[in-house]
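Step one of this worksheet: look at the structure below.
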Number of protein chains: 2
Amino acid sequence: MPPEEHTEAKPIKTDDYRVTPGKAVDLKDFATRYEGDMDRDEAEARFEGLVRRLQRLQELLYADGSRAVLVVLQAMDAGGKDSTIRKVFGPLNPQGCRVTGFKRPSTLELSHDYLWRIHAAAPRKGSIAVFNRSHYEDVLVVRVKGIVEKDVWKRRYDHINDFERLLADEGTAVVKFFLHISKDYQKQRLQRRLDIPEKNWKFEVGDLAERARWADYQRAFEDALGRCSTDHAPWYVVPAERRWFRNLLIASVMVRTLESLGLRYPRADFDPSDIRID
Amino acid sequence: MPPEEHTEAKPIKTDDYRVTPGKAVDLKDFATRYEGDMDRDEAEARFEGLVRRLQRLQELLYADGSRAVLVVLQAMDAGGKDSTIRKVFGPLNPQGCRVTGFKRPSTLELSHDYLWRIHAAAPRKGSIAVFNRSHYEDVLVVRVKGIVEKDVWKRRYDHINDFERLLADEGTAVVKFFLHISKDYQKQRLQRRLDIPEKNWKFEVGDLAERARWADYQRAFEDALGRCSTDHAPWYVVPAERRWFRNLLIASVMVRTLESLGLRYPRADFDPSDIRID
């Protein structure tokens, strides 16, 4: 495929949003709202081009059959995980893109280690898996609420890095997005669920208790992002308050990730002109 | 939601394509190509409307949370299962629509009964599962190739009906589509995979051996459709050679199926005006 995106005038500098491996993270250094000079119309037009490219790359990923992609999405409540899935991953072929949501673990899941259910949902070769929440909850909500002791969650960063290393070594590209929003923006989005009757069902009173622990969550995210951004499984901090920029950035990272895999259409092991269909 | 589709001028008569429960099937009685008086432009416009309605119904299915939908797709090779998934189910929210392809069973799968892997992929409440091939292969390819004895596959029609009854009783609507094509049409489609270099990788030489058993497969399909079309899990025979009609018919059946479930948005268990977000 021609490297269309490489020749565009102003490619998104995805590295600006990537958490440098080994570097501590202060989320105040990262914007929650894109304030660059691109406007919405331009962003949406570019996004459409990236989606078409992603669709072709997805077919190539399937045809190639030797690699897989795991996408991790994390955010505070109302950070836009669902709409990211709908907008960025919705246009992909559902046959090769499977979304798994990780909610409160079931009794069966809790009777195993916390990576058991995660590993079971890892993508098969040729496909993309999208995780709506993930194993990172085990160092986020689990830490903030004190569901396990500090010495237990502390060692999990190493488990997670080891697990993602395994996936990468065995052919799965791992890419992780933190949808970064401000506390004010969350308030607006939650209020919207109250104001619009058809959205009331999305509001959970319990979300307010989580919101009250905003600072604790931000600190937990900073540790997760800082300790677990690696060359083989990088974290991106996505300014998520302007959704059109969020979509454009995530689609850009996805295209670059897929383009980096060296995917190829398999060569036919027969000569098409030799075959006669009766 | 307003019953938009009920008021349209000429709704598709989906019942014309439904296999009557208890009635033997002769596939020669069913068209492989739509020859009615609707044209492609009209069909595509109506399809777009149905897709939008399906998207809203999918959200309602999720919000309601008490029901699920299982879609089974079967066809001869090159019958259009993949493109049906892309066109009809592609526009749905991937978070609530999971596609599972059932290929040749793995060693682990073969160490269980043939419904084990099928049951494991059944949809969770609030969601749609699409099966690309299914348990029906166990009375199709397994029968035609003599992988098990006749007395073994013969009793499977009852197992399958009992299994689908269980799903229906416990809240899962089951709807099954056989994409019906002629042997000539299959030839055209397979030839296309040889003629277009980028499609060569989709061609499998082994498909020709299956094609040589066309009549045996048609007979096996007739038995599967005739014995396993029930009120709670009907089979539809879809004329699949004009894809725009195929898509329209399947989307129509999906809309009717979802509309029949009596889905409702849950009532909030709080008064939105009582809640203050700090």
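FYI, nothing fancy with the structure tokens labels: chains A, B, ... in order, residues from 1 per chain, ligands from 1 as they appear.
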Could you list, as a PyMOL selection string, every residue of chain B that has an atom within 6 Å of an atom of chain A, counting only C-alpha atoms?
-> chain B and resi 86+90+93-95+99+194+201+268+272
Would you save the residues from that selection as an mmCIF file, in the first residue's frame, using all heavy atoms?
```
data_model
loop_
_atom_site.group_PDB
_atom_site.id
_atom_site.type_symbol
_atom_site.label_atom_id
_atom_site.label_comp_id
_atom_site.auth_asym_id
_atom_site.auth_seq_id
_atom_site.Cartn_x
_atom_site.Cartn_y
_atom_site.Cartn_z
ATOM 1 N N ARG B 86 -19.896 -7.536 7.236
ATOM 2 C CA ARG B 86 -19.359 -6.190 7.089
ATOM 3 C C ARG B 86 -20.467 -5.165 6.841
ATOM 4 O O ARG B 86 -20.489 -4.099 7.453
ATOM 5 C CB ARG B 86 -18.354 -6.188 5.932
ATOM 6 C CG ARG B 86 -17.246 -5.209 6.084
ATOM 7 C CD ARG B 86 -16.127 -5.445 5.064
ATOM 8 N NE ARG B 86 -16.623 -5.447 3.696
ATOM 9 C CZ ARG B 86 -16.581 -6.500 2.873
ATOM 10 N NH1 ARG B 86 -16.048 -7.643 3.269
ATOM 11 N NH2 ARG B 86 -17.055 -6.417 1.645
ATOM 12 N N GLY B 90 -21.615 -4.580 10.478
ATOM 13 C CA GLY B 90 -20.536 -3.607 10.613
ATOM 14 C C GLY B 90 -20.975 -2.271 11.206
ATOM 15 O O GLY B 90 -20.267 -1.698 12.037
ATOM 16 N N ASN B 93 -22.729 -0.947 16.935
ATOM 17 C CA ASN B 93 -21.707 -0.616 17.928
ATOM 18 C C ASN B 93 -20.938 -1.895 18.276
ATOM 19 O O ASN B 93 -21.543 -2.859 18.765
ATOM 20 C CB ASN B 93 -22.391 -0.050 19.170
ATOM 21 C CG ASN B 93 -21.397 0.444 20.207
ATOM 22 O OD1 ASN B 93 -20.251 -0.008 20.236
ATOM 23 N ND2 ASN B 93 -21.825 1.368 21.035
ATOM 24 N N PRO B 94 -19.623 -1.915 18.028
ATOM 25 C CA PRO B 94 -18.882 -3.170 18.232
ATOM 26 C C PRO B 94 -18.883 -3.624 19.689
ATOM 27 O O PRO B 94 -18.644 -4.781 19.988
ATOM 28 C CB PRO B 94 -17.470 -2.827 17.759
ATOM 29 C CG PRO B 94 -17.359 -1.343 17.845
ATOM 30 C CD PRO B 94 -18.759 -0.809 17.591
ATOM 31 N N GLN B 95 -19.177 -2.677 20.574
ATOM 32 C CA GLN B 95 -19.184 -3.043 21.985
ATOM 33 C C GLN B 95 -20.316 -4.005 22.342
ATOM 34 O O GLN B 95 -20.225 -4.738 23.308
ATOM 35 C CB GLN B 95 -19.293 -1.771 22.831
ATOM 36 C CG GLN B 95 -18.991 -1.989 24.271
ATOM 37 C CD GLN B 95 -18.404 -0.743 24.930
ATOM 38 O OE1 GLN B 95 -17.603 -0.844 25.823
ATOM 39 N NE2 GLN B 95 -18.787 0.423 24.493
ATOM 40 N N VAL B 99 -18.743 -10.960 16.819
ATOM 41 C CA VAL B 99 -18.772 -11.956 15.753
ATOM 42 C C VAL B 99 -17.859 -13.115 16.134
ATOM 43 O O VAL B 99 -16.716 -12.895 16.552
ATOM 44 C CB VAL B 99 -18.281 -11.354 14.422
ATOM 45 C CG1 VAL B 99 -18.318 -12.402 13.319
ATOM 46 C CG2 VAL B 99 -19.108 -10.125 14.045
ATOM 47 N N LEU B 194 -9.515 -15.815 -8.230
ATOM 48 C CA LEU B 194 -8.337 -16.194 -9.018
ATOM 49 C C LEU B 194 -7.909 -15.055 -9.934
ATOM 50 O O LEU B 194 -6.711 -14.839 -10.163
ATOM 51 C CB LEU B 194 -8.661 -17.425 -9.878
ATOM 52 C CG LEU B 194 -8.910 -18.721 -9.115
ATOM 53 C CD1 LEU B 194 -9.396 -19.807 -10.070
ATOM 54 C CD2 LEU B 194 -7.639 -19.173 -8.400
ATOM 55 N N TRP B 201 -5.293 -14.684 -2.108
ATOM 56 C CA TRP B 201 -5.100 -15.294 -0.786
ATOM 57 C C TRP B 201 -6.404 -15.842 -0.212
ATOM 58 O O TRP B 201 -6.379 -16.671 0.700
ATOM 59 C CB TRP B 201 -4.468 -14.290 0.185
ATOM 60 C CG TRP B 201 -5.331 -13.114 0.501
ATOM 61 C CD1 TRP B 201 -5.458 -11.971 -0.235
ATOM 62 C CD2 TRP B 201 -6.206 -12.953 1.625
ATOM 63 N NE1 TRP B 201 -6.346 -11.119 0.356
ATOM 64 C CE2 TRP B 201 -6.825 -11.692 1.499
ATOM 65 C CE3 TRP B 201 -6.523 -13.754 2.733
ATOM 66 C CZ2 TRP B 201 -7.745 -11.205 2.424
ATOM 67 C CZ3 TRP B 201 -7.432 -13.272 3.655
ATOM 68 C CH2 TRP B 201 -8.044 -12.007 3.495
ATOM 69 N N ALA B 268 -35.095 5.306 35.816
ATOM 70 C CA ALA B 268 -34.089 5.679 36.803
ATOM 71 C C ALA B 268 -34.654 5.404 38.197
ATOM 72 O O ALA B 268 -35.835 5.641 38.452
ATOM 73 C CB ALA B 268 -33.732 7.159 36.648
ATOM 74 N N PRO B 272 -33.624 12.674 38.958
ATOM 75 C CA PRO B 272 -32.453 13.407 38.472
ATOM 76 C C PRO B 272 -32.333 14.809 39.074
ATOM 77 O O PRO B 272 -31.220 15.301 39.274
ATOM 78 C CB PRO B 272 -32.683 13.487 36.959
ATOM 79 C CG PRO B 272 -33.545 12.320 36.641
ATOM 80 C CD PRO B 272 -34.432 12.133 37.842
#
```
Hey, what's within 9 Å of Asp138 (chain B) if we count only C-alpha atoms and toss same-chain stuff fewer than 6 positions away? As a list of chain:residue names, please?
-> B:Tyr114, B:Trp153, B:Arg156
Return as number ranges by chain the full set of residues in region 59-237 of chain B whose backbone-based DSSP assignment is alpha helix (DSSP H).
-> B: 59-64, 81-84, 107-110, 116-120, 141-144, 150-154, 156-169, 183-195, 206-211, 214-227
Keeping only C-alpha atoms, write the selected residues as a PDB file, in the first residue's frame.
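Final output, saved to out.pdb:
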```
ATOM      1  CA  GLU B  59     -28.758   0.762  22.221  1.00  0.00           C
ATOM      2  CA  LEU B  60     -32.194  -0.070  23.596  1.00  0.00           C
ATOM      3  CA  LEU B  61     -31.257  -3.771  23.795  1.00  0.00           C
ATOM      4  CA  TYR B  62     -28.213  -2.816  25.848  1.00  0.00           C
ATOM      5  CA  ALA B  63     -30.118  -0.405  28.089  1.00  0.00           C
ATOM      6  CA  ASP B  64     -32.921  -2.904  28.659  1.00  0.00           C
ATOM      7  CA  LYS B  81     -21.161 -14.441   4.820  1.00  0.00           C
ATOM      8  CA  ASP B  82     -18.185 -12.133   5.249  1.00  0.00           C
ATOM      9  CA  SER B  83     -19.682  -9.307   3.246  1.00  0.00           C
ATOM     10  CA  THR B  84     -23.007  -9.675   5.078  1.00  0.00           C
ATOM     11  CA  THR B 107      -8.112 -30.300  19.564  1.00  0.00           C
ATOM     12  CA  LEU B 108      -9.522 -28.783  22.756  1.00  0.00           C
ATOM     13  CA  GLU B 109     -12.902 -28.189  21.128  1.00  0.00           C
ATOM     14  CA  LEU B 110     -12.996 -31.726  19.753  1.00  0.00           C
ATOM     15  CA  TRP B 116     -19.591 -26.773  23.887  1.00  0.00           C
ATOM     16  CA  ARG B 117     -17.735 -24.149  21.881  1.00  0.00           C
ATOM     17  CA  ILE B 118     -21.019 -22.835  20.513  1.00  0.00           C
ATOM     18  CA  HIS B 119     -22.573 -22.345  23.930  1.00  0.00           C
ATOM     19  CA  ALA B 120     -19.461 -20.571  25.169  1.00  0.00           C
ATOM     20  CA  VAL B 141     -19.804 -30.669   6.484  1.00  0.00           C
ATOM     21  CA  VAL B 142     -19.648 -33.359   9.166  1.00  0.00           C
ATOM     22  CA  ARG B 143     -22.469 -35.228   7.454  1.00  0.00           C
ATOM     23  CA  VAL B 144     -21.347 -34.708   3.869  1.00  0.00           C
ATOM     24  CA  LYS B 150     -25.185 -41.395  10.229  1.00  0.00           C
ATOM     25  CA  ASP B 151     -26.761 -42.431  13.533  1.00  0.00           C
ATOM     26  CA  VAL B 152     -24.612 -39.789  15.248  1.00  0.00           C
ATOM     27  CA  TRP B 153     -25.471 -36.824  13.026  1.00  0.00           C
ATOM     28  CA  LYS B 154     -29.119 -37.889  12.732  1.00  0.00           C
ATOM     29  CA  ARG B 156     -28.145 -33.869  16.306  1.00  0.00           C
ATOM     30  CA  TYR B 157     -31.183 -32.110  14.845  1.00  0.00           C
ATOM     31  CA  ASP B 158     -32.950 -32.805  18.145  1.00  0.00           C
ATOM     32  CA  HIS B 159     -29.951 -31.624  20.189  1.00  0.00           C
ATOM     33  CA  ILE B 160     -29.870 -28.421  18.179  1.00  0.00           C
ATOM     34  CA  ASN B 161     -33.582 -27.765  18.575  1.00  0.00           C
ATOM     35  CA  ASP B 162     -33.324 -28.427  22.316  1.00  0.00           C
ATOM     36  CA  PHE B 163     -30.323 -26.111  22.628  1.00  0.00           C
ATOM     37  CA  GLU B 164     -32.014 -23.283  20.747  1.00  0.00           C
ATOM     38  CA  ARG B 165     -35.144 -23.805  22.858  1.00  0.00           C
ATOM     39  CA  LEU B 166     -33.011 -23.329  25.981  1.00  0.00           C
ATOM     40  CA  LEU B 167     -31.557 -20.106  24.624  1.00  0.00           C
ATOM     41  CA  ALA B 168     -34.993 -18.779  23.659  1.00  0.00           C
ATOM     42  CA  ASP B 169     -36.565 -19.744  26.992  1.00  0.00           C
ATOM     43  CA  LYS B 183     -23.725 -23.307  -8.329  1.00  0.00           C
ATOM     44  CA  ASP B 184     -23.059 -20.999 -11.289  1.00  0.00           C
ATOM     45  CA  TYR B 185     -22.900 -17.972  -9.050  1.00  0.00           C
ATOM     46  CA  GLN B 186     -20.388 -19.724  -6.793  1.00  0.00           C
ATOM     47  CA  LYS B 187     -18.235 -20.383  -9.845  1.00  0.00           C
ATOM     48  CA  GLN B 188     -18.238 -16.680 -10.756  1.00  0.00           C
ATOM     49  CA  ARG B 189     -17.274 -15.691  -7.214  1.00  0.00           C
ATOM     50  CA  LEU B 190     -14.487 -18.255  -6.912  1.00  0.00           C
ATOM     51  CA  GLN B 191     -13.161 -17.309 -10.353  1.00  0.00           C
ATOM     52  CA  ARG B 192     -13.004 -13.686  -9.189  1.00  0.00           C
ATOM     53  CA  ARG B 193     -10.634 -14.720  -6.388  1.00  0.00           C
ATOM     54  CA  LEU B 194      -8.337 -16.194  -9.018  1.00  0.00           C
ATOM     55  CA  ASP B 195      -8.598 -13.299 -11.462  1.00  0.00           C
ATOM     56  CA  GLY B 206      -9.701 -27.378  -1.020  1.00  0.00           C
ATOM     57  CA  ASP B 207     -12.875 -25.382  -1.715  1.00  0.00           C
ATOM     58  CA  LEU B 208     -13.093 -27.119  -5.090  1.00  0.00           C
ATOM     59  CA  ALA B 209     -13.500 -30.511  -3.439  1.00  0.00           C
ATOM     60  CA  GLU B 210     -16.427 -29.100  -1.446  1.00  0.00           C
ATOM     61  CA  ARG B 211     -17.903 -27.623  -4.610  1.00  0.00           C
ATOM     62  CA  TRP B 214     -22.678 -29.390  -4.215  1.00  0.00           C
ATOM     63  CA  ALA B 215     -25.747 -31.662  -4.410  1.00  0.00           C
ATOM     64  CA  ASP B 216     -24.865 -33.411  -1.146  1.00  0.00           C
ATOM     65  CA  TYR B 217     -24.502 -30.072   0.600  1.00  0.00           C
ATOM     66  CA  GLN B 218     -27.804 -28.795  -0.746  1.00  0.00           C
ATOM     67  CA  ARG B 219     -29.517 -31.924   0.586  1.00  0.00           C
ATOM     68  CA  ALA B 220     -27.845 -31.509   3.973  1.00  0.00           C
ATOM     69  CA  PHE B 221     -28.969 -27.864   4.074  1.00  0.00           C
ATOM     70  CA  GLU B 222     -32.516 -28.895   3.191  1.00  0.00           C
ATOM     71  CA  ASP B 223     -32.612 -31.246   6.156  1.00  0.00           C
ATOM     72  CA  ALA B 224     -31.078 -28.706   8.525  1.00  0.00           C
ATOM     73  CA  LEU B 225     -33.452 -25.951   7.450  1.00  0.00           C
ATOM     74  CA  GLY B 226     -36.515 -28.194   7.432  1.00  0.00           C
ATOM     75  CA  ARG B 227     -35.860 -29.873  10.760  1.00  0.00           C
TER      76      ARG B 227
END
```
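Taking CA of Ala251 (chain B) and CA of Leu54 (chain B) as the two end points, the separation is 7.7 Å.
Atom pair CA of Arg18 (chain B) / CA of Ile250 (chain B): separated by 11.3 Å.
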Shell of 9 Å around Thr230 (chain A), only C-alpha atoms, local chain residues under 3 positions omitted, as a list of chain:residue names = A:Val19, A:Thr20, A:Pro21, A:Gly22, A:Asn161, A:Arg227, A:Ala233, A:Pro234, A:Trp235
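Residue nearest Ser260 (chain B) within the list B:Lys145, B:Arg67, B:Lys103, B:Arg124: B:Arg67 [criterion: smallest interatomic distance, only C-alpha atoms].
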